[in-house]
Protein chains: 2
Amino acid sequence: MISVHLKKLRRRFEISSDEEAGIRGIVSETRRLRPDELVVSAGEELTSSLLLLDGWLARSKDLPGGERQVTELHVAGDFADLHGFTLQRLDHDVVTMSDCNVAIVPHERLRALTDAFPRLGRVYWFATNVDGAIHRESALSLGQRSALSRMAHLFCELYVRLEVVGRTARSGFEFPLTQRELSECLGLTVVHANRTIQELRRRQLIELENRQLTIVNRRGLEGVAQFDPSYLYLERSQL
Amino acid sequence: MISVHLKKLRRRFEISSDEEAGIRGIVSETRRLRPDELVVSAGEELTSSLLLLDGWLARSKDLPGGERQVTELHVAGDFADLHGFTLQRLDHDVVTMSDCNVAIVPHERLRALTDAFPRLGRVYWFATNVDGAIHRESALSLGQRSALSRMAHLFCELYVRLEVVGRTARSGFEFPLTQRELSECLGLTVVHANRTIQELRRRQLIELENRQLTIVNRRGLEGVAQFDPSYLYLERSQL
DNA sequence: ATCCCACGGTAACTTAGGTTAAGCGGGAAA
DNA sequence: TTTCCCGCTTAACCTAAGTTACCGTGGGAT
């Protein structure tokens, strides 16, 4: 169950069998969640974090007027709110975007684990810093890329992140978001998100139907996205 | 010299005198930097981090076409690239926006400090997570707020962050950025950044001349910004 | 002394993306 | 079966922000 998380960690780091045993012990329970559930709401006091085992979660922030921005999408293997371990409350909501399978990780166990294995503390610190890098790339998208390039970029990023955990198939992946939700990731209106999808289809870069995204021309898509995956820090690393 | 950093830490956390001594020992040297220096460039291998003692630094990312996005501004007391401690290279440049006084903090000392005081490890982890929260708020700005609201929001944020380290005066602060640099923080063109400044002036919310920003009407500015500082996590915390 | 040229400021014009509104199809509920 | 609603799509129109181009000013270089 939690193997998807270990798979992701092992992409970058050597994990010993002692460490693995420790990691396998941090989950107190697993839960199944339905789409459109508010799992964590901004400001609530946290005593555990969510490890996503299957499905899609989003971190989203709202303005008083109801405008919504998704600041990050999470896929299998991701900790959705590991930053809550130190911050103790979140500045955003965590919402399900599909059926999900999540593991609950109590902060006291995370604390015990990182006390016992300080290197794992740095590994998890690293993980929250990669989230930061994803945020920065997204700021670059929102500030400087066109709608077309921005959407292409998101699809390229998700493809790479899903590939790491073996959730891609036939050069595509399941993409459960509605166009409204996608537009909230990109800082666009639904109407313009739709126009942008049409344009990516017209250029034969992607197909998208029945919640299934297919990347028809990966080179082409990465080209319009000006995609360079180095911000994802996927190379092997010591800590 | 490094007191400004301790001041910032002590706003949120109790720091014992042993911890303080440890922190005071992490600086290997201090350096003065001129404006517009590239201090760290994306991708280079890092063995130390920069603690900003005085002046302004920016993290900036570039697109191949030359478009630039500043993903975060740093002021006195901030670690500009603490995430480099775990990431080992950056996904962005670090550039001076003014004369600066920086302390160089070798990673091996940071490692020794956090080994000796695991709680300080969590305190610094917390600090990088606050950077993440600042990034998310900025994504909300870039994706959902108007140019006017976005600029107002940035000024509100900087005011609060500078206040923590005692760098505000007469309801304003020194703001050394050119309008071009400001526009790169906000995802705007220089022309529109100028129009937006004019509009904030016209509404008597701010004044800006000779690199000095004055907040004329703080309530009003926070209103157009829809500013809520809770994402800065300024309340006292245990770890 | 003068020559830059970076910076702030404006105006005229263009455009990417927002707004409003409407149609269609499919699945859930009754 | 029918109804209803949600998600996708498209069209017409609008506007916030981008583009290009220009001017004035002041502080550094030569």
# chains A, B, ... in the order shown; residues from 1 in each chain; ligands from 1
call {"tool": "residues_around", "arguments": {"residues": "Glu72 (chain B)", "least_positions_apart": "2", "cutoff": "8 Å", "atoms": "only C-alpha atoms (C1' of nucleotides)", "output": "list in words"}}
result
Ala58, Arg59, Ser60, Val70, His74, Ile134, His135 and Cys185 of chain B
call {"tool": "write_last_selection", "arguments": {"atoms": "N, CA and C atoms", "output": "PDB file, in the first residue's frame"}}
result
ATOM      1  N   ALA B  58      16.611  38.832  -4.461  1.00  0.00           N
ATOM      2  CA  ALA B  58      15.458  38.231  -5.137  1.00  0.00           C
ATOM      3  C   ALA B  58      15.821  36.851  -5.645  1.00  0.00           C
ATOM      4  N   ARG B  59      14.841  35.951  -5.597  1.00  0.00           N
ATOM      5  CA  ARG B  59      14.962  34.679  -6.291  1.00  0.00           C
ATOM      6  C   ARG B  59      14.290  34.882  -7.638  1.00  0.00           C
ATOM      7  N   SER B  60      14.989  34.631  -8.708  1.00  0.00           N
ATOM      8  CA  SER B  60      14.324  34.846  -9.987  1.00  0.00           C
ATOM      9  C   SER B  60      14.530  33.706 -10.960  1.00  0.00           C
ATOM     10  N   VAL B  70      10.237  37.001 -10.684  1.00  0.00           N
ATOM     11  CA  VAL B  70      10.798  36.953  -9.336  1.00  0.00           C
ATOM     12  C   VAL B  70       9.840  36.138  -8.486  1.00  0.00           C
ATOM     13  N   HIS B  74      13.670  38.835  -0.702  1.00  0.00           N
ATOM     14  CA  HIS B  74      14.192  38.599   0.645  1.00  0.00           C
ATOM     15  C   HIS B  74      14.692  39.873   1.273  1.00  0.00           C
ATOM     16  N   ILE B 134       4.479  31.533   1.296  1.00  0.00           N
ATOM     17  CA  ILE B 134       4.589  32.805   0.581  1.00  0.00           C
ATOM     18  C   ILE B 134       4.437  32.558  -0.925  1.00  0.00           C
ATOM     19  N   HIS B 135       5.025  31.486  -1.404  1.00  0.00           N
ATOM     20  CA  HIS B 135       4.855  31.120  -2.808  1.00  0.00           C
ATOM     21  C   HIS B 135       3.393  30.857  -3.153  1.00  0.00           C
ATOM     22  N   CYS B 185       8.230  40.993 -10.284  1.00  0.00           N
ATOM     23  CA  CYS B 185       7.659  40.290  -9.128  1.00  0.00           C
ATOM     24  C   CYS B 185       6.181  39.995  -9.337  1.00  0.00           C
TER      25      CYS B 185
END
call {"tool": "interface_residues", "arguments": {"of": "chain B", "to": "chain A", "cutoff": "8 Å", "atoms": "only C-alpha atoms", "output": "mmCIF file with C-alpha atoms, in the first residue's frame"}}
result
data_model
loop_
_atom_site.group_PDB
_atom_site.id
_atom_site.type_symbol
_atom_site.label_atom_id
_atom_site.label_comp_id
_atom_site.auth_asym_id
_atom_site.auth_seq_id
_atom_site.Cartn_x
_atom_site.Cartn_y
_atom_site.Cartn_z
ATOM 1 C CA LYS B 61 13.538 32.401 -12.760
ATOM 2 C CA ASP B 62 13.959 32.977 -16.471
ATOM 3 C CA LEU B 63 12.326 31.616 -19.581
ATOM 4 C CA PRO B 64 14.493 30.943 -22.640
ATOM 5 C CA GLU B 67 10.961 36.712 -19.612
ATOM 6 C CA ARG B 68 11.742 36.841 -15.919
ATOM 7 C CA GLN B 69 9.688 36.071 -12.834
ATOM 8 C CA THR B 71 9.432 34.190 -7.122
ATOM 9 C CA HIS B 83 16.367 25.095 0.701
ATOM 10 C CA THR B 86 18.792 19.809 1.208
ATOM 11 C CA LEU B 87 18.342 20.410 -2.527
ATOM 12 C CA ASP B 91 16.088 25.877 -9.571
ATOM 13 C CA ASP B 115 22.558 17.443 14.545
ATOM 14 C CA PRO B 118 17.376 18.709 16.317
ATOM 15 C CA ARG B 122 12.692 21.717 12.688
ATOM 16 C CA VAL B 123 12.817 25.487 13.149
ATOM 17 C CA TRP B 125 12.462 23.313 8.173
ATOM 18 C CA PHE B 126 9.597 25.517 9.355
ATOM 19 C CA THR B 128 11.500 26.878 4.347
ATOM 20 C CA ASN B 129 7.858 25.904 4.719
ATOM 21 C CA VAL B 130 6.924 29.537 5.308
ATOM 22 C CA ASP B 131 8.686 30.336 2.040
ATOM 23 C CA GLY B 132 6.384 27.736 0.497
ATOM 24 C CA ALA B 133 3.364 29.498 2.008
ATOM 25 C CA HIS B 135 4.855 31.120 -2.808
ATOM 26 C CA ARG B 136 1.292 29.857 -2.554
ATOM 27 C CA SER B 138 1.845 34.647 -4.617
ATOM 28 C CA ALA B 139 0.286 32.000 -6.870
ATOM 29 C CA LEU B 140 -3.114 33.129 -5.604
ATOM 30 C CA LEU B 142 -0.819 35.824 -9.923
ATOM 31 C CA GLY B 143 -3.740 33.571 -10.769
ATOM 32 C CA GLN B 144 -6.679 35.442 -9.277
ATOM 33 C CA LEU B 186 4.066 40.806 -10.187
ATOM 34 C CA GLY B 187 3.968 39.217 -13.631
ATOM 35 C CA LEU B 188 3.266 42.588 -15.251
ATOM 36 C CA GLN B 226 -7.630 41.397 0.498
ATOM 37 C CA SER B 230 -2.065 34.395 8.523
ATOM 38 C CA TYR B 231 -0.097 32.697 5.720
ATOM 39 C CA TYR B 233 2.703 32.187 10.369
ATOM 40 C CA LEU B 239 8.329 22.671 17.794
#
call {"tool": "closest_atom_pairs", "arguments": {"of": "chain C", "to": "chain A", "cutoff": "9 Å", "atoms": "only C-alpha atoms (C1' of nucleotides)", "output": "CSV"}}
result
residue,atom,partner,partner_atom,distance
C:DA16,C1',A:Ser146,CA,8.4
C:DG17,C1',A:His192,CA,6.8
C:DG18,C1',A:Thr189,CA,7.1
call {"tool": "residues_around", "arguments": {"residues": "region 19-25 of chain C", "least_positions_apart": "2", "cutoff": "9 Å", "atoms": "only C-alpha atoms (C1' of nucleotides)", "output": "VMD selection string"}}
result
chain D and resid 8 to 11 13 to 14
call {"tool": "write_last_selection", "arguments": {"atoms": "N, CA and C atoms (P, O5', C5', C4', C3', O3' and C1' of nucleotides)", "output": "PDB file, in the first residue's frame"}}
result
ATOM      1  P    DC D   8     -15.689  18.750 -18.037  1.00  0.00           P
ATOM      2  O5'  DC D   8     -16.242  19.057 -19.510  1.00  0.00           O
ATOM      3  C5'  DC D   8     -16.588  17.964 -20.361  1.00  0.00           C
ATOM      4  C4'  DC D   8     -17.113  18.523 -21.656  1.00  0.00           C
ATOM      5  C3'  DC D   8     -16.154  19.475 -22.382  1.00  0.00           C
ATOM      6  O3'  DC D   8     -15.934  18.950 -23.682  1.00  0.00           O
ATOM      7  C1'  DC D   8     -18.347  20.399 -22.250  1.00  0.00           C
ATOM      8  P    DT D   9     -14.895  19.625 -24.675  1.00  0.00           P
ATOM      9  O5'  DT D   9     -15.799  20.702 -25.411  1.00  0.00           O
ATOM     10  C5'  DT D   9     -16.873  20.264 -26.240  1.00  0.00           C
ATOM     11  C4'  DT D   9     -17.654  21.467 -26.737  1.00  0.00           C
ATOM     12  C3'  DT D   9     -16.815  22.576 -27.359  1.00  0.00           C
ATOM     13  O3'  DT D   9     -16.927  22.478 -28.768  1.00  0.00           O
ATOM     14  C1'  DT D   9     -18.642  23.401 -26.057  1.00  0.00           C
ATOM     15  P    DT D  10     -16.085  23.315 -29.766  1.00  0.00           P
ATOM     16  O5'  DT D  10     -16.993  24.619 -29.939  1.00  0.00           O
ATOM     17  C5'  DT D  10     -18.365  24.473 -30.260  1.00  0.00           C
ATOM     18  C4'  DT D  10     -19.013  25.834 -30.277  1.00  0.00           C
ATOM     19  C3'  DT D  10     -18.151  26.964 -30.849  1.00  0.00           C
ATOM     20  O3'  DT D  10     -18.844  27.498 -31.962  1.00  0.00           O
ATOM     21  C1'  DT D  10     -19.185  27.618 -28.806  1.00  0.00           C
ATOM     22  P    DA D  11     -18.280  28.659 -32.888  1.00  0.00           P
ATOM     23  O5'  DA D  11     -19.160  29.925 -32.473  1.00  0.00           O
ATOM     24  C5'  DA D  11     -20.571  29.812 -32.310  1.00  0.00           C
ATOM     25  C4'  DA D  11     -21.095  31.146 -31.820  1.00  0.00           C
ATOM     26  C3'  DA D  11     -20.331  32.348 -32.384  1.00  0.00           C
ATOM     27  O3'  DA D  11     -21.269  33.341 -32.759  1.00  0.00           O
ATOM     28  C1'  DA D  11     -20.300  32.410 -30.021  1.00  0.00           C
ATOM     29  P    DC D  13     -21.759  40.792 -31.319  1.00  0.00           P
ATOM     30  O5'  DC D  13     -21.068  41.218 -29.949  1.00  0.00           O
ATOM     31  C5'  DC D  13     -21.838  41.201 -28.742  1.00  0.00           C
ATOM     32  C4'  DC D  13     -20.893  41.440 -27.601  1.00  0.00           C
ATOM     33  C3'  DC D  13     -20.049  42.716 -27.748  1.00  0.00           C
ATOM     34  O3'  DC D  13     -20.368  43.566 -26.672  1.00  0.00           O
ATOM     35  C1'  DC D  13     -18.747  40.876 -27.004  1.00  0.00           C
ATOM     36  P    DC D  14     -19.553  44.945 -26.460  1.00  0.00           P
ATOM     37  O5'  DC D  14     -18.570  44.548 -25.265  1.00  0.00           O
ATOM     38  C5'  DC D  14     -19.106  43.890 -24.120  1.00  0.00           C
ATOM     39  C4'  DC D  14     -18.007  43.805 -23.072  1.00  0.00           C
ATOM     40  C3'  DC D  14     -17.220  45.099 -22.886  1.00  0.00           C
ATOM     41  O3'  DC D  14     -16.991  45.237 -21.488  1.00  0.00           O
ATOM     42  C1'  DC D  14     -15.742  43.362 -23.509  1.00  0.00           C
TER      43       DC D  14
END
call {"tool": "closest_atom_pairs", "arguments": {"of": "chain A", "to": "chain D", "cutoff": "8 Å", "atoms": "only C-alpha atoms (C1' of nucleotides)", "output": "CSV"}}
result
residue,atom,partner,partner_atom,distance
A:Thr178,CA,D:DG7,C1',7.4
A:Gln179,CA,D:DG7,C1',8.0
A:Asn194,CA,D:DT9,C1',7.8
call {"tool": "select_by_dssp", "arguments": {"residues": "region 37-220 of chain A", "states": "helix (DSSP H, G or I)", "output": "number ranges by chain"}}
result
A: 84-87, 107-116, 118-144, 147-164, 179-186, 190-202, 218-220
call {"tool": "write_last_selection", "arguments": {"atoms": "C-alpha atoms", "output": "PDB file, in the first residue's frame"}}
result
ATOM      1  CA  GLY A  84       1.770  20.746   8.291  1.00  0.00           C
ATOM      2  CA  PHE A  85       4.215  18.749  10.430  1.00  0.00           C
ATOM      3  CA  THR A  86       6.187  21.898  11.199  1.00  0.00           C
ATOM      4  CA  LEU A  87       3.581  24.557  10.408  1.00  0.00           C
ATOM      5  CA  HIS A 107       2.869  13.793  13.613  1.00  0.00           C
ATOM      6  CA  GLU A 108       4.140  12.081  16.755  1.00  0.00           C
ATOM      7  CA  ARG A 109       5.179   9.091  14.623  1.00  0.00           C
ATOM      8  CA  LEU A 110       6.840  11.360  12.098  1.00  0.00           C
ATOM      9  CA  ARG A 111       8.640  12.966  15.000  1.00  0.00           C
ATOM     10  CA  ALA A 112       9.764   9.591  16.366  1.00  0.00           C
ATOM     11  CA  LEU A 113      10.868   8.453  12.907  1.00  0.00           C
ATOM     12  CA  THR A 114      12.943  11.545  12.211  1.00  0.00           C
ATOM     13  CA  ASP A 115      14.435  11.429  15.705  1.00  0.00           C
ATOM     14  CA  ALA A 116      15.462   7.818  15.145  1.00  0.00           C
ATOM     15  CA  PRO A 118      17.825  12.086  11.261  1.00  0.00           C
ATOM     16  CA  ARG A 119      18.686  11.452   7.626  1.00  0.00           C
ATOM     17  CA  LEU A 120      15.021  10.682   6.941  1.00  0.00           C
ATOM     18  CA  GLY A 121      14.265  14.041   8.517  1.00  0.00           C
ATOM     19  CA  ARG A 122      16.392  15.609   5.807  1.00  0.00           C
ATOM     20  CA  VAL A 123      14.772  13.427   3.156  1.00  0.00           C
ATOM     21  CA  TYR A 124      11.336  14.715   4.156  1.00  0.00           C
ATOM     22  CA  TRP A 125      12.636  18.263   4.427  1.00  0.00           C
ATOM     23  CA  PHE A 126      13.914  17.773   0.883  1.00  0.00           C
ATOM     24  CA  ALA A 127      10.423  16.638  -0.156  1.00  0.00           C
ATOM     25  CA  THR A 128       8.785  19.834   1.117  1.00  0.00           C
ATOM     26  CA  ASN A 129      11.494  21.826  -0.659  1.00  0.00           C
ATOM     27  CA  VAL A 130      10.604  20.131  -3.941  1.00  0.00           C
ATOM     28  CA  ASP A 131       7.027  21.275  -3.369  1.00  0.00           C
ATOM     29  CA  GLY A 132       8.504  24.758  -3.070  1.00  0.00           C
ATOM     30  CA  ALA A 133      10.291  24.317  -6.392  1.00  0.00           C
ATOM     31  CA  ILE A 134       7.025  23.195  -7.992  1.00  0.00           C
ATOM     32  CA  HIS A 135       5.395  26.333  -6.618  1.00  0.00           C
ATOM     33  CA  ARG A 136       8.112  28.491  -8.123  1.00  0.00           C
ATOM     34  CA  GLU A 137       7.776  26.884 -11.505  1.00  0.00           C
ATOM     35  CA  SER A 138       4.061  27.460 -11.275  1.00  0.00           C
ATOM     36  CA  ALA A 139       4.660  31.137 -10.436  1.00  0.00           C
ATOM     37  CA  LEU A 140       6.799  31.345 -13.564  1.00  0.00           C
ATOM     38  CA  SER A 141       3.920  29.823 -15.520  1.00  0.00           C
ATOM     39  CA  LEU A 142       1.282  32.105 -14.027  1.00  0.00           C
ATOM     40  CA  GLY A 143       3.399  35.215 -14.397  1.00  0.00           C
ATOM     41  CA  GLN A 144       5.073  34.680 -17.746  1.00  0.00           C
ATOM     42  CA  ALA A 147      -2.416  29.984 -21.320  1.00  0.00           C
ATOM     43  CA  LEU A 148      -1.383  27.456 -23.958  1.00  0.00           C
ATOM     44  CA  SER A 149       2.144  27.097 -22.673  1.00  0.00           C
ATOM     45  CA  ARG A 150       0.963  26.981 -19.086  1.00  0.00           C
ATOM     46  CA  MET A 151      -1.466  24.137 -19.714  1.00  0.00           C
ATOM     47  CA  ALA A 152       1.099  22.237 -21.760  1.00  0.00           C
ATOM     48  CA  HIS A 153       3.561  22.701 -18.922  1.00  0.00           C
ATOM     49  CA  LEU A 154       1.180  21.302 -16.335  1.00  0.00           C
ATOM     50  CA  PHE A 155       0.563  18.207 -18.437  1.00  0.00           C
ATOM     51  CA  CYS A 156       4.303  17.679 -18.938  1.00  0.00           C
ATOM     52  CA  GLU A 157       4.948  17.993 -15.216  1.00  0.00           C
ATOM     53  CA  LEU A 158       2.166  15.602 -14.283  1.00  0.00           C
ATOM     54  CA  TYR A 159       3.375  13.072 -16.833  1.00  0.00           C
ATOM     55  CA  VAL A 160       6.853  13.048 -15.317  1.00  0.00           C
ATOM     56  CA  ARG A 161       5.616  12.909 -11.740  1.00  0.00           C
ATOM     57  CA  LEU A 162       3.230  10.070 -12.527  1.00  0.00           C
ATOM     58  CA  GLU A 163       5.906   8.173 -14.425  1.00  0.00           C
ATOM     59  CA  VAL A 164       8.056   8.122 -11.272  1.00  0.00           C
ATOM     60  CA  GLN A 179     -12.267  21.563 -16.870  1.00  0.00           C
ATOM     61  CA  ARG A 180     -13.352  23.909 -14.109  1.00  0.00           C
ATOM     62  CA  GLU A 181     -10.829  22.358 -11.735  1.00  0.00           C
ATOM     63  CA  LEU A 182      -8.145  22.440 -14.407  1.00  0.00           C
ATOM     64  CA  SER A 183      -8.874  26.119 -14.997  1.00  0.00           C
ATOM     65  CA  GLU A 184      -8.407  26.746 -11.275  1.00  0.00           C
ATOM     66  CA  CYS A 185      -4.935  25.205 -11.489  1.00  0.00           C
ATOM     67  CA  LEU A 186      -3.975  27.520 -14.327  1.00  0.00           C
ATOM     68  CA  VAL A 190     -13.381  27.661 -17.636  1.00  0.00           C
ATOM     69  CA  VAL A 191     -14.205  29.083 -21.033  1.00  0.00           C
ATOM     70  CA  HIS A 192     -10.625  29.919 -21.795  1.00  0.00           C
ATOM     71  CA  ALA A 193      -9.384  26.611 -20.378  1.00  0.00           C
ATOM     72  CA  ASN A 194     -11.704  24.919 -22.847  1.00  0.00           C
ATOM     73  CA  ARG A 195     -10.430  27.053 -25.747  1.00  0.00           C
ATOM     74  CA  THR A 196      -6.888  26.146 -24.710  1.00  0.00           C
ATOM     75  CA  ILE A 197      -7.625  22.409 -24.634  1.00  0.00           C
ATOM     76  CA  GLN A 198      -9.157  22.714 -28.111  1.00  0.00           C
ATOM     77  CA  GLU A 199      -6.019  24.412 -29.356  1.00  0.00           C
ATOM     78  CA  LEU A 200      -3.735  21.714 -27.884  1.00  0.00           C
ATOM     79  CA  ARG A 201      -5.969  19.126 -29.569  1.00  0.00           C
ATOM     80  CA  ARG A 202      -5.971  21.000 -32.862  1.00  0.00           C
ATOM     81  CA  ARG A 218       5.547  14.691 -26.263  1.00  0.00           C
ATOM     82  CA  ARG A 219       8.363  16.666 -27.917  1.00  0.00           C
ATOM     83  CA  GLY A 220       5.851  19.115 -29.306  1.00  0.00           C
TER      84      GLY A 220
END
call {"tool": "select_by_dssp", "arguments": {"residues": "region 86-224 of chain B", "states": "strand (DSSP E or B)", "output": "list of chain:residue names"}}
result
B:Asp93, B:Val94, B:Val95, B:Thr96, B:Cys100, B:Asn101, B:Val102, B:Ala103, B:Ile104, B:Val105, B:Pro106, B:Ala169, B:Gly172, B:Phe173, B:Glu174, B:Ile206, B:Glu207, B:Leu208, B:Glu209, B:Gln212, B:Leu213, B:Thr214, B:Ile215
call {"tool": "closest_residue", "arguments": {"among": "B:Asp93, B:Glu20, B:Glu14, B:Glu235", "to": "Leu38 (chain B)", "atoms": "only C-alpha atoms"}}
result
B:Asp93
call {"tool": "closest_residue", "arguments": {"among": "A:Arg167, A:Arg34, A:Arg236, A:Arg11", "to": "Ser98 (chain A)", "atoms": "only C-alpha atoms"}}
result
A:Arg34
call {"tool": "closest_residue", "arguments": {"among": "B:Ser28, B:Phe117, B:Ala103, B:Thr214", "to": "Ser16 (chain B)", "atoms": "only C-alpha atoms"}}
result
B:Phe117
call {"tool": "decode", "arguments": {"residues": "chain D", "atoms": "C-alpha atoms (C1' of nucleotides)", "output": "mmCIF file, in the first residue's frame"}}
result
data_model
loop_
_atom_site.group_PDB
_atom_site.id
_atom_site.type_symbol
_atom_site.label_atom_id
_atom_site.label_comp_id
_atom_site.auth_asym_id
_atom_site.auth_seq_id
_atom_site.Cartn_x
_atom_site.Cartn_y
_atom_site.Cartn_z
ATOM 1 C "C1'" DT D 1 -39.574 7.462 -18.262
ATOM 2 C "C1'" DT D 2 -38.897 11.897 -17.439
ATOM 3 C "C1'" DT D 3 -36.515 15.481 -15.287
ATOM 4 C "C1'" DC D 4 -32.708 17.861 -13.937
ATOM 5 C "C1'" DC D 5 -28.178 19.106 -13.418
ATOM 6 C "C1'" DC D 6 -23.427 19.066 -14.415
ATOM 7 C "C1'" DG D 7 -19.847 19.191 -17.585
ATOM 8 C "C1'" DC D 8 -18.347 20.399 -22.250
ATOM 9 C "C1'" DT D 9 -18.642 23.401 -26.057
ATOM 10 C "C1'" DT D 10 -19.185 27.618 -28.806
ATOM 11 C "C1'" DA D 11 -20.300 32.410 -30.021
ATOM 12 C "C1'" DA D 12 -20.381 37.454 -29.353
ATOM 13 C "C1'" DC D 13 -18.747 40.876 -27.004
ATOM 14 C "C1'" DC D 14 -15.742 43.362 -23.509
ATOM 15 C "C1'" DT D 15 -11.685 44.799 -20.859
ATOM 16 C "C1'" DA D 16 -7.378 44.387 -18.365
ATOM 17 C "C1'" DA D 17 -3.119 44.200 -19.575
ATOM 18 C "C1'" DG D 18 0.516 44.008 -23.340
ATOM 19 C "C1'" DT D 19 3.075 46.576 -27.131
ATOM 20 C "C1'" DT D 20 5.349 50.191 -29.227
ATOM 21 C "C1'" DA D 21 6.912 54.462 -29.168
ATOM 22 C "C1'" DC D 22 8.074 58.617 -27.272
ATOM 23 C "C1'" DC D 23 9.644 62.384 -23.749
ATOM 24 C "C1'" DG D 24 12.093 64.312 -19.663
ATOM 25 C "C1'" DT D 25 15.368 63.994 -16.091
ATOM 26 C "C1'" DG D 26 19.385 63.037 -13.405
ATOM 27 C "C1'" DG D 27 23.444 60.732 -12.166
ATOM 28 C "C1'" DG D 28 27.780 58.375 -14.093
ATOM 29 C "C1'" DA D 29 31.273 57.985 -17.260
ATOM 30 C "C1'" DT D 30 34.776 60.297 -20.477
#
